[in-house]
Amino acid sequence: MEVLLDSNKKVQRALNIFFAHCKQFLSSQGYVIFPHRDLSILAVKKGGYMLLEASVTGVLDEFWRKIGESSVRLIYPFFEKKIIKGEEYVKIYLEKPVIAGDPIVFDLASLPKIAVLTNEKEANFIERGRGKHA
Amino acid sequence: MPEALIKTKVQARKANEIFANYLDQYLKDQGYVCLWHLHGGITVLRHGKRPLVLCISLKGRMASRKWEEAMKLDGVDIGVAYPEFEITRVDRKRYVILHLNKPVIKMGLSKTPVYNAHLPKIAYVPDSYEAEMIEKAGRKLRGKVEKAGKQEEEKQEEISEWRIFQRS
(Lines give C-alpha, C1' and ligand atoms only; values in the text may rest on other atoms or scores of the structure.)
Protein backbone atom coordinates (compact mmCIF):
# COMPACT_ATOMS: atom_id res chain seq x y z
CA MET A 1 0.00 0.00 0.00
CA GLU A 2 1.15 3.50 -0.74
CA VAL A 3 0.20 6.74 0.98
CA LEU A 4 1.20 10.17 -0.27
CA LEU A 5 2.43 12.19 2.69
CA ASP A 6 0.97 15.51 1.61
CA SER A 7 0.49 17.09 5.03
CA ASN A 8 2.52 17.53 8.19
CA LYS A 9 0.04 15.40 10.10
CA LYS A 10 0.53 12.50 7.71
CA VAL A 11 4.31 12.84 7.96
CA GLN A 12 4.04 12.80 11.75
CA ARG A 13 1.83 9.73 11.69
CA ALA A 14 4.20 8.01 9.24
CA LEU A 15 7.07 8.80 11.60
CA ASN A 16 5.17 7.23 14.50
CA ILE A 17 4.55 4.08 12.46
CA PHE A 18 8.18 4.02 11.38
CA PHE A 19 9.30 4.41 15.01
CA ALA A 20 7.24 1.36 15.99
CA HIS A 21 8.95 -0.65 13.24
CA CYS A 22 12.36 0.57 14.40
CA LYS A 23 11.62 -0.74 17.89
CA GLN A 24 10.57 -4.13 16.49
CA PHE A 25 13.60 -4.28 14.23
CA LEU A 26 16.10 -3.46 17.00
CA SER A 27 14.48 -5.90 19.44
CA SER A 28 14.62 -8.64 16.82
CA GLN A 29 18.34 -7.94 16.48
CA GLY A 30 18.86 -8.69 20.17
CA TYR A 31 19.11 -5.14 21.45
CA VAL A 32 17.53 -4.05 24.71
CA ILE A 33 15.83 -0.83 23.75
CA PHE A 34 14.80 2.29 25.62
CA PRO A 35 12.54 4.36 23.34
CA HIS A 36 12.43 8.07 24.11
CA ARG A 37 9.55 10.52 23.81
CA ASP A 38 11.46 12.56 21.22
CA LEU A 39 11.50 9.51 18.92
CA SER A 40 15.07 8.58 19.59
CA ILE A 41 16.10 5.17 20.88
CA LEU A 42 18.87 3.96 23.11
CA ALA A 43 19.73 0.46 21.93
CA VAL A 44 21.94 -1.56 24.26
CA LYS A 45 24.00 -4.50 23.06
CA LYS A 46 26.77 -6.59 24.64
CA GLY A 47 29.34 -4.15 25.96
CA GLY A 48 28.03 -1.15 24.02
CA TYR A 49 25.14 0.98 22.91
CA MET A 50 23.74 3.00 20.02
CA LEU A 51 21.84 6.22 20.28
CA LEU A 52 19.55 6.50 17.29
CA GLU A 53 17.19 9.13 16.03
CA ALA A 54 14.29 8.00 13.87
CA SER A 55 13.80 10.26 10.87
CA VAL A 56 11.90 10.07 7.60
CA THR A 57 13.74 13.04 6.09
CA GLY A 58 17.26 11.74 6.58
CA VAL A 59 18.45 14.72 8.57
CA LEU A 60 19.49 14.71 12.21
CA ASP A 61 17.70 17.13 14.48
CA GLU A 62 19.64 20.29 15.36
CA PHE A 63 19.14 19.37 19.03
CA TRP A 64 21.99 16.84 18.96
CA ARG A 65 24.48 19.34 17.61
CA LYS A 66 23.39 21.93 20.16
CA ILE A 67 23.99 19.59 23.08
CA GLY A 68 27.29 18.39 21.59
CA GLU A 69 26.20 14.78 21.27
CA SER A 70 28.14 13.34 18.39
CA SER A 71 27.49 9.64 18.97
CA VAL A 72 23.89 9.80 17.80
CA ARG A 73 23.13 8.06 14.51
CA LEU A 74 20.19 8.13 12.22
CA ILE A 75 17.73 5.33 11.66
CA TYR A 76 15.79 5.97 8.48
CA PRO A 77 13.46 4.02 6.20
CA PHE A 78 14.94 2.40 3.12
CA PHE A 79 14.02 4.71 0.25
CA GLU A 80 14.16 5.12 -3.50
CA LYS A 81 13.61 8.12 -5.71
CA LYS A 82 10.96 7.81 -8.41
CA ILE A 83 9.83 10.02 -11.26
CA ILE A 84 6.03 10.04 -11.46
CA LYS A 85 4.43 12.10 -14.23
CA GLY A 86 7.63 14.06 -14.64
CA GLU A 87 7.92 14.91 -10.94
CA GLU A 88 10.42 13.57 -8.47
CA TYR A 89 9.10 11.64 -5.46
CA VAL A 90 10.69 9.56 -2.74
CA LYS A 91 9.20 6.23 -1.78
CA ILE A 92 9.98 5.46 1.84
CA TYR A 93 9.60 1.88 3.04
CA LEU A 94 8.50 2.27 6.65
CA GLU A 95 8.92 -1.41 7.45
CA LYS A 96 12.58 -1.43 6.44
CA PRO A 97 14.68 0.59 8.87
CA VAL A 98 18.30 1.28 7.95
CA ILE A 99 20.92 2.41 10.44
CA ALA A 100 23.12 5.12 9.00
CA GLY A 101 26.86 5.18 9.19
CA ASP A 102 27.29 8.92 8.80
CA PRO A 103 25.57 11.58 10.90
CA ILE A 104 23.83 13.13 7.89
CA VAL A 105 22.96 10.71 5.14
CA PHE A 106 20.68 12.52 2.76
CA ASP A 107 18.13 15.28 2.74
CA LEU A 108 14.61 14.35 1.72
CA ALA A 109 12.95 17.27 3.47
CA SER A 110 12.12 19.10 0.27
CA LEU A 111 10.88 16.14 -1.80
CA PRO A 112 7.30 14.83 -1.70
CA LYS A 113 7.22 11.49 0.05
CA ILE A 114 5.19 8.36 -0.51
CA ALA A 115 5.03 5.89 2.39
CA VAL A 116 5.07 2.25 1.36
CA LEU A 117 3.62 -0.36 3.74
CA THR A 118 2.16 -3.86 3.69
CA ASN A 119 -0.13 -3.36 6.69
CA GLU A 120 -3.49 -1.93 5.68
CA LYS A 121 -4.34 -0.71 9.19
CA GLU A 122 -1.12 1.26 9.36
CA ALA A 123 -1.70 2.74 5.93
CA ASN A 124 -5.23 3.80 6.93
CA PHE A 125 -3.90 5.31 10.13
CA ILE A 126 -1.42 7.46 8.20
CA GLU A 127 -4.10 8.49 5.72
CA ARG A 128 -6.90 9.27 8.14
CA GLY A 129 -5.69 9.04 11.73
CA ARG A 130 -7.82 7.43 14.40
CA GLY A 131 -8.70 10.36 16.62
CA LYS A 132 -11.67 12.70 16.45
CA HIS A 133 -11.40 12.94 12.67
CA ALA A 134 -11.47 9.21 11.97
CA MET B 1 5.87 21.76 53.89
CA PRO B 2 2.64 21.00 51.93
CA GLU B 3 1.77 17.33 51.97
CA ALA B 4 -0.61 14.92 50.29
CA LEU B 5 -1.61 11.42 51.28
CA ILE B 6 -1.24 9.00 48.39
CA LYS B 7 -4.22 6.67 48.49
CA THR B 8 -4.84 5.63 44.89
CA LYS B 9 -2.79 4.51 41.91
CA VAL B 10 -3.75 7.66 40.02
CA GLN B 11 -2.44 9.79 42.89
CA ALA B 12 0.78 7.74 42.93
CA ARG B 13 1.15 8.33 39.21
CA LYS B 14 0.75 12.06 39.68
CA ALA B 15 3.29 12.03 42.53
CA ASN B 16 5.66 10.08 40.29
CA GLU B 17 5.21 12.67 37.53
CA ILE B 18 6.00 15.52 39.93
CA PHE B 19 9.04 13.64 41.20
CA ALA B 20 10.23 12.99 37.63
CA ASN B 21 10.12 16.74 36.92
CA TYR B 22 12.25 17.47 39.98
CA LEU B 23 14.66 14.73 38.97
CA ASP B 24 14.91 16.16 35.46
CA GLN B 25 15.71 19.60 36.86
CA TYR B 26 18.23 18.13 39.31
CA LEU B 27 20.08 16.37 36.48
CA LYS B 28 19.93 19.41 34.21
CA ASP B 29 21.38 21.57 36.99
CA GLN B 30 24.40 19.28 36.92
CA GLY B 31 24.83 19.86 33.19
CA TYR B 32 23.43 16.57 31.97
CA VAL B 33 21.04 16.09 29.07
CA CYS B 34 17.92 14.06 29.84
CA LEU B 35 15.89 12.05 27.36
CA TRP B 36 12.53 10.94 28.73
CA HIS B 37 11.50 7.39 28.01
CA LEU B 38 8.09 6.50 26.64
CA HIS B 39 7.55 4.25 29.66
CA GLY B 40 8.74 6.00 32.80
CA GLY B 41 12.49 6.33 32.76
CA ILE B 42 15.20 8.76 31.76
CA THR B 43 18.37 8.37 29.72
CA VAL B 44 21.05 10.69 31.04
CA LEU B 45 23.73 11.74 28.58
CA ARG B 46 26.97 12.49 30.37
CA HIS B 47 29.72 13.93 28.22
CA GLY B 48 32.60 11.50 27.78
CA LYS B 49 30.87 8.75 29.71
CA ARG B 50 28.43 6.10 28.60
CA PRO B 51 24.75 6.94 29.16
CA LEU B 52 23.09 6.37 32.50
CA VAL B 53 19.65 4.84 32.17
CA LEU B 54 17.49 5.63 35.17
CA CYS B 55 14.33 3.89 36.25
CA ILE B 56 12.04 6.33 38.03
CA SER B 57 10.21 4.72 40.90
CA LEU B 58 8.70 6.08 44.11
CA LYS B 59 9.56 2.75 45.72
CA GLY B 60 13.08 2.57 44.28
CA ARG B 61 12.37 -0.69 42.54
CA MET B 62 12.87 -1.81 38.94
CA ALA B 63 9.70 -3.69 38.09
CA SER B 64 10.50 -4.75 34.54
CA ARG B 65 12.83 -7.57 33.43
CA LYS B 66 14.27 -5.21 30.85
CA TRP B 67 16.56 -3.62 33.45
CA GLU B 68 18.03 -6.98 34.33
CA GLU B 69 18.71 -7.68 30.67
CA ALA B 70 20.33 -4.27 30.18
CA MET B 71 22.48 -4.86 33.25
CA LYS B 72 23.66 -8.22 31.87
CA LEU B 73 24.63 -6.65 28.55
CA ASP B 74 26.76 -4.08 30.37
CA GLY B 75 26.54 -1.56 27.54
CA VAL B 76 25.26 1.35 29.64
CA ASP B 77 25.11 2.27 33.32
CA ILE B 78 21.78 1.69 34.98
CA GLY B 79 20.27 2.92 38.18
CA VAL B 80 17.08 3.82 39.95
CA ALA B 81 15.90 7.26 41.02
CA TYR B 82 13.60 7.55 44.02
CA PRO B 83 12.66 10.37 46.39
CA GLU B 84 14.41 10.78 49.71
CA PHE B 85 12.20 9.15 52.33
CA GLU B 86 11.69 8.83 56.07
CA ILE B 87 9.48 6.64 58.17
CA THR B 88 7.23 8.45 60.60
CA ARG B 89 4.59 7.46 63.13
CA VAL B 90 1.25 9.22 63.36
CA ASP B 91 -1.23 7.93 65.98
CA ARG B 92 0.72 4.69 66.26
CA LYS B 93 0.44 4.12 62.54
CA ARG B 94 3.59 4.11 60.41
CA TYR B 95 3.84 6.17 57.23
CA VAL B 96 6.53 6.77 54.61
CA ILE B 97 7.18 10.42 53.90
CA LEU B 98 8.45 10.99 50.38
CA HIS B 99 10.32 14.22 49.65
CA LEU B 100 9.48 14.52 45.99
CA ASN B 101 11.85 17.44 45.42
CA LYS B 102 14.87 15.50 46.72
CA PRO B 103 15.91 12.78 44.30
CA VAL B 104 18.24 9.97 45.30
CA ILE B 105 20.07 7.96 42.67
CA LYS B 106 21.11 4.42 43.39
CA MET B 107 23.36 2.84 40.81
CA GLY B 108 22.96 -0.75 39.66
CA LEU B 109 20.06 -3.16 39.70
CA SER B 110 17.39 -2.66 42.35
CA LYS B 111 14.85 -5.44 42.39
CA THR B 112 13.32 -4.75 45.79
CA PRO B 113 11.76 -1.56 47.19
CA VAL B 114 14.02 0.63 49.34
CA TYR B 115 11.38 0.71 52.11
CA ASN B 116 8.40 -1.37 53.14
CA ALA B 117 6.19 -0.69 50.14
CA HIS B 118 3.04 -1.68 52.02
CA LEU B 119 3.24 1.38 54.26
CA PRO B 120 0.96 4.29 53.34
CA LYS B 121 2.79 7.11 51.59
CA ILE B 122 2.68 10.84 52.21
CA ALA B 123 4.19 13.09 49.57
CA TYR B 124 6.01 16.24 50.70
CA VAL B 125 6.30 18.93 48.05
CA PRO B 126 7.52 22.54 48.21
CA ASP B 127 4.49 23.91 46.41
CA SER B 128 0.95 23.67 47.80
CA TYR B 129 -0.37 23.54 44.24
CA GLU B 130 1.55 20.30 43.69
CA ALA B 131 0.07 18.80 46.86
CA GLU B 132 -3.37 19.77 45.61
CA MET B 133 -2.61 18.19 42.22
CA ILE B 134 -1.78 14.89 43.90
CA GLU B 135 -4.84 14.94 46.14
CA LYS B 136 -7.16 15.82 43.29
CA ALA B 137 -5.61 13.41 40.79
CA GLY B 138 -8.24 11.22 39.22
CA ARG B 139 -11.15 13.48 40.14
CA LYS B 140 -13.04 15.12 37.35
CA LEU B 141 -12.42 18.82 37.15
CA ARG B 142 -15.55 20.75 36.26
CA GLY B 143 -15.21 24.10 34.61
CA LYS B 144 -11.72 24.55 35.94
CA VAL B 145 -9.75 23.27 33.01
CA GLU B 146 -8.20 26.13 31.17
CA LYS B 147 -8.57 25.99 27.44
CA ALA B 148 -5.24 25.02 25.95
CA GLY B 149 -3.85 26.93 23.00
CA LYS B 150 -4.64 25.65 19.52
CA GLN B 151 -1.16 24.26 19.00
CA GLU B 152 -1.23 22.35 22.27
CA GLU B 153 -4.68 21.02 21.39
CA GLU B 154 -3.45 19.73 18.04
CA LYS B 155 -0.45 18.08 19.67
CA GLN B 156 -2.68 16.33 22.21
CA GLU B 157 -4.95 15.20 19.41
CA GLU B 158 -2.00 13.66 17.58
CA ILE B 159 -0.79 11.87 20.70
CA SER B 160 -4.23 10.55 21.54
CA GLU B 161 -4.90 9.25 18.04
CA TRP B 162 -1.54 7.48 18.10
CA ARG B 163 -2.36 5.91 21.47
CA ILE B 164 -5.76 4.77 20.25
CA PHE B 165 -4.13 3.24 17.20
CA GLN B 166 -1.51 1.42 19.27
CA ARG B 167 -4.21 -0.06 21.49
CA SER B 168 -6.33 -1.21 18.54
# chains A, B, ... in the order shown; residues from 1 in each chain; ligands from 1
>>> residues_around(residues="Ala131 in chain B", least_positions_apart="4", cutoff="8 Å", atoms="only C-alpha atoms", output="count of residues only")
8
>>> interface_residues(of="chain B", to="chain A", cutoff="7 Å", atoms="only C-alpha atoms", output="VMD selection string")
chain B and resid 35 to 38 70 73 to 76 157 160 to 161 164 to 165
>>> residues_around(residues="Lys106 in chain B", least_positions_apart="4", cutoff="8 Å", atoms="only C-alpha atoms", output="list in words")
Gly79, Val80 and Ala81 of chain B
>>> write_last_selection(atoms="N, CA and C atoms", output="mmCIF file, in the first residue's frame")
data_model
loop_
_atom_site.group_PDB
_atom_site.id
_atom_site.type_symbol
_atom_site.label_atom_id
_atom_site.label_comp_id
_atom_site.auth_asym_id
_atom_site.auth_seq_id
_atom_site.Cartn_x
_atom_site.Cartn_y
_atom_site.Cartn_z
ATOM 1 N N GLY B 79 20.513 2.566 36.783
ATOM 2 C CA GLY B 79 20.271 2.925 38.176
ATOM 3 C C GLY B 79 18.801 3.227 38.392
ATOM 4 N N VAL B 80 18.464 3.486 39.644
ATOM 5 C CA VAL B 80 17.080 3.819 39.955
ATOM 6 C C VAL B 80 17.055 5.162 40.688
ATOM 7 N N ALA B 81 16.065 5.970 40.343
ATOM 8 C CA ALA B 81 15.904 7.263 41.023
ATOM 9 C C ALA B 81 14.643 7.206 41.857
#
>>> select_by_dssp(residues="range 5-72 of chain A", states="strand (DSSP E or B)", output="list in words")
Leu5, Val32, Ile33, Phe34, Pro35, His36, Ser40, Ile41, Leu42, Ala43, Val44, Lys45, Gly48, Tyr49, Met50, Leu51, Leu52, Glu53, Ala54 and Val72 of chain A
>>> residues_around(residues="range 117-121 of chain B", least_positions_apart="6", cutoff="7 Å", atoms="only C-alpha atoms", output="VMD selection string")
chain B and resid 5 to 6 59 94 to 98
>>> residues_around(residues="Arg65 in chain B", least_positions_apart="2", cutoff="12 Å", atoms="only C-alpha atoms", output="ChimeraX atom specification")
/A:32 /B:55,61-63,67-72,109-111
>>> decode(residues="range 75-98 of chain A", atoms="N, CA and C atoms", output="mmCIF file, in the first residue's frame")
data_model
loop_
_atom_site.group_PDB
_atom_site.id
_atom_site.type_symbol
_atom_site.label_atom_id
_atom_site.label_comp_id
_atom_site.auth_asym_id
_atom_site.auth_seq_id
_atom_site.Cartn_x
_atom_site.Cartn_y
_atom_site.Cartn_z
ATOM 1 N N ILE A 75 18.376 6.546 12.159
ATOM 2 C CA ILE A 75 17.728 5.326 11.663
ATOM 3 C C ILE A 75 16.617 5.818 10.735
ATOM 4 N N TYR A 76 16.703 5.418 9.494
ATOM 5 C CA TYR A 76 15.788 5.969 8.476
ATOM 6 C C TYR A 76 15.183 4.829 7.665
ATOM 7 N N PRO A 77 14.055 5.085 7.022
ATOM 8 C CA PRO A 77 13.463 4.017 6.205
ATOM 9 C C PRO A 77 14.227 3.865 4.883
ATOM 10 N N PHE A 78 14.360 2.635 4.441
ATOM 11 C CA PHE A 78 14.945 2.398 3.123
ATOM 12 C C PHE A 78 14.124 3.203 2.109
ATOM 13 N N PHE A 79 14.770 3.839 1.166
ATOM 14 C CA PHE A 79 14.016 4.709 0.251
ATOM 15 C C PHE A 79 14.538 4.597 -1.179
ATOM 16 N N GLU A 80 13.707 5.008 -2.103
ATOM 17 C CA GLU A 80 14.161 5.116 -3.496
ATOM 18 C C GLU A 80 13.463 6.309 -4.160
ATOM 19 N N LYS A 81 14.196 6.975 -5.020
ATOM 20 C CA LYS A 81 13.613 8.122 -5.714
ATOM 21 C C LYS A 81 12.894 7.642 -6.973
ATOM 22 N N LYS A 82 11.757 8.217 -7.251
ATOM 23 C CA LYS A 82 10.958 7.814 -8.413
ATOM 24 C C LYS A 82 10.485 9.053 -9.160
ATOM 25 N N ILE A 83 10.425 8.938 -10.478
ATOM 26 C CA ILE A 83 9.833 10.024 -11.263
ATOM 27 C C ILE A 83 8.402 9.599 -11.615
ATOM 28 N N ILE A 84 7.442 10.347 -11.156
ATOM 29 C CA ILE A 84 6.033 10.043 -11.463
ATOM 30 C C ILE A 84 5.439 11.258 -12.178
ATOM 31 N N LYS A 85 4.970 11.038 -13.377
ATOM 32 C CA LYS A 85 4.429 12.101 -14.230
ATOM 33 C C LYS A 85 5.372 13.304 -14.281
ATOM 34 N N GLY A 86 6.624 13.012 -14.476
ATOM 35 C CA GLY A 86 7.634 14.059 -14.643
ATOM 36 C C GLY A 86 8.091 14.725 -13.353
ATOM 37 N N GLU A 87 7.516 14.294 -12.216
ATOM 38 C CA GLU A 87 7.920 14.907 -10.939
ATOM 39 C C GLU A 87 8.662 13.911 -10.068
ATOM 40 N N GLU A 88 9.611 14.449 -9.307
ATOM 41 C CA GLU A 88 10.419 13.572 -8.471
ATOM 42 C C GLU A 88 9.732 13.322 -7.128
ATOM 43 N N TYR A 89 9.654 12.049 -6.747
ATOM 44 C CA TYR A 89 9.097 11.639 -5.458
ATOM 45 C C TYR A 89 10.092 10.715 -4.763
ATOM 46 N N VAL A 90 9.881 10.549 -3.462
ATOM 47 C CA VAL A 90 10.692 9.556 -2.743
ATOM 48 C C VAL A 90 9.744 8.543 -2.128
ATOM 49 N N LYS A 91 9.986 7.283 -2.426
ATOM 50 C CA LYS A 91 9.197 6.227 -1.777
ATOM 51 C C LYS A 91 9.963 5.784 -0.541
ATOM 52 N N ILE A 92 9.304 5.886 0.608
ATOM 53 C CA ILE A 92 9.980 5.463 1.840
ATOM 54 C C ILE A 92 9.305 4.196 2.362
ATOM 55 N N TYR A 93 10.111 3.184 2.600
ATOM 56 C CA TYR A 93 9.604 1.881 3.040
ATOM 57 C C TYR A 93 9.673 1.826 4.566
ATOM 58 N N LEU A 94 8.522 2.096 5.191
ATOM 59 C CA LEU A 94 8.504 2.270 6.651
ATOM 60 C C LEU A 94 8.805 0.987 7.420
ATOM 61 N N GLU A 95 8.667 -0.140 6.756
ATOM 62 C CA GLU A 95 8.923 -1.412 7.454
ATOM 63 C C GLU A 95 10.374 -1.858 7.312
ATOM 64 N N LYS A 96 11.174 -1.037 6.649
ATOM 65 C CA LYS A 96 12.578 -1.429 6.438
ATOM 66 C C LYS A 96 13.533 -0.375 7.005
ATOM 67 N N PRO A 97 13.766 -0.407 8.303
ATOM 68 C CA PRO A 97 14.679 0.589 8.868
ATOM 69 C C PRO A 97 16.136 0.303 8.483
ATOM 70 N N VAL A 98 16.878 1.369 8.278
ATOM 71 C CA VAL A 98 18.301 1.278 7.950
ATOM 72 C C VAL A 98 19.050 2.151 8.949
#
